[in-house]
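Engineer: To start, I am sharing the structure in question, which I have written as structure tokens.
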Amino acid sequence: MQPFIADHLGFWIPMYLLALSAWACIGRFLMQVMVPHDSPNYIWRGFRLLTDWAVWLARRAVPSYVEARFLPLVAACWLFGIRLVAGVLMISAGLGPRITPPGAG
């Protein structure tokens, strides 16, 4: 039997990166209530480093009346949606892992 994870790194790496970014957006949304935007707190800077690109894209994808404080949530929703669609497409193309071993069934 071949290694399960190593055979599908092209599937796992993008899925984990999208999940990491989406959950970091949720963390950023929750933490922004307690921390000022320009805080030197290293956790806050880490959230911003991981999510600035997604929030920047969300700012351009949604109407201007959406408040800036909700953009991390919008970005998280987009990232979770992209992850779902990409996962389904990759699995249907045979690039993702299978639950049953090949040839069993």
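Letters for chains follow the order of the structure tokens (A, B, ...), residue numbers begin at 1 for each chain, and ligand numbers begin at 1 in the order shown.
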What's around Ala22 (chain A) at 9 Å? Count only C-alpha atoms, leave out sequence neighbours fewer than 4 positions away in its own chain, and write the answer as a PyMOL selection string.

Structural biologist: chain A and resi 17-18+26-27+51+54+72-73+75-80

Engineer: Could you give me, as a list in words, the residues within 7 Å of region 88-98 of chain A, counting only C-alpha atoms and dropping anything in the same chain fewer than 3 positions from it?

Structural biologist: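 After dropping sequence-adjacent residues, the list is His8, Phe11, Leu84, Val85 and Pro101 of chain A.
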
Engineer: The selected residues should be written to file as an mmCIF file, in the first residue's frame (atoms: N, CA and C atoms).

Structural biologist:
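What landed in result_23.cif:
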```cif
data_model
loop_
_atom_site.group_PDB
_atom_site.id
_atom_site.type_symbol
_atom_site.label_atom_id
_atom_site.label_comp_id
_atom_site.auth_asym_id
_atom_site.auth_seq_id
_atom_site.Cartn_x
_atom_site.Cartn_y
_atom_site.Cartn_z
ATOM 1 N N HIS A 8 -0.657 12.385 -2.299
ATOM 2 C CA HIS A 8 -1.630 13.429 -2.637
ATOM 3 C C HIS A 8 -1.220 14.798 -2.098
ATOM 4 N N PHE A 11 -2.895 17.774 -3.426
ATOM 5 C CA PHE A 11 -4.245 18.009 -2.909
ATOM 6 C C PHE A 11 -4.179 18.608 -1.502
ATOM 7 N N LEU A 84 -13.885 24.437 -0.791
ATOM 8 C CA LEU A 84 -14.888 23.408 -1.088
ATOM 9 C C LEU A 84 -14.919 23.080 -2.571
ATOM 10 N N VAL A 85 -14.999 24.114 -3.400
ATOM 11 C CA VAL A 85 -15.072 23.895 -4.848
ATOM 12 C C VAL A 85 -13.780 23.256 -5.362
ATOM 13 N N PRO A 101 -9.649 1.770 -1.137
ATOM 14 C CA PRO A 101 -8.445 1.546 -1.936
ATOM 15 C C PRO A 101 -8.799 1.308 -3.398
#
```

Engineer: To one decimal in Å, tell me the separation between CA of Arg60 (chain A) and CA of Leu20 (chain A).

Structural biologist: 21.3 Å

Engineer: Residues at most 10 Å from Arg59 (chain A), counting only C-alpha atoms, excluding those fewer than 2 positions away in the same chain, as a PyMOL selection string?

Structural biologist: chain A and resi 53-57+61-64+66-68+70-72+74-75

Engineer: Which of these residues is nearest to Arg48 (chain A), using only C-alpha atoms: A:Tyr65, A:Arg28, A:Trp12, A:Arg83?

Structural biologist: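 Of A:Tyr65, A:Arg28, A:Trp12, A:Arg83, the one nearest Arg48 (chain A) is A:Arg28, counting only C-alpha atoms.
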
Engineer: Interatomic distance between CA of Ala58 (chain A) and CA of Ile82 (chain A)?

Structural biologist: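 Calculated distance between CA of Ala58 (chain A) and CA of Ile82 (chain A) is 12.9 Å.
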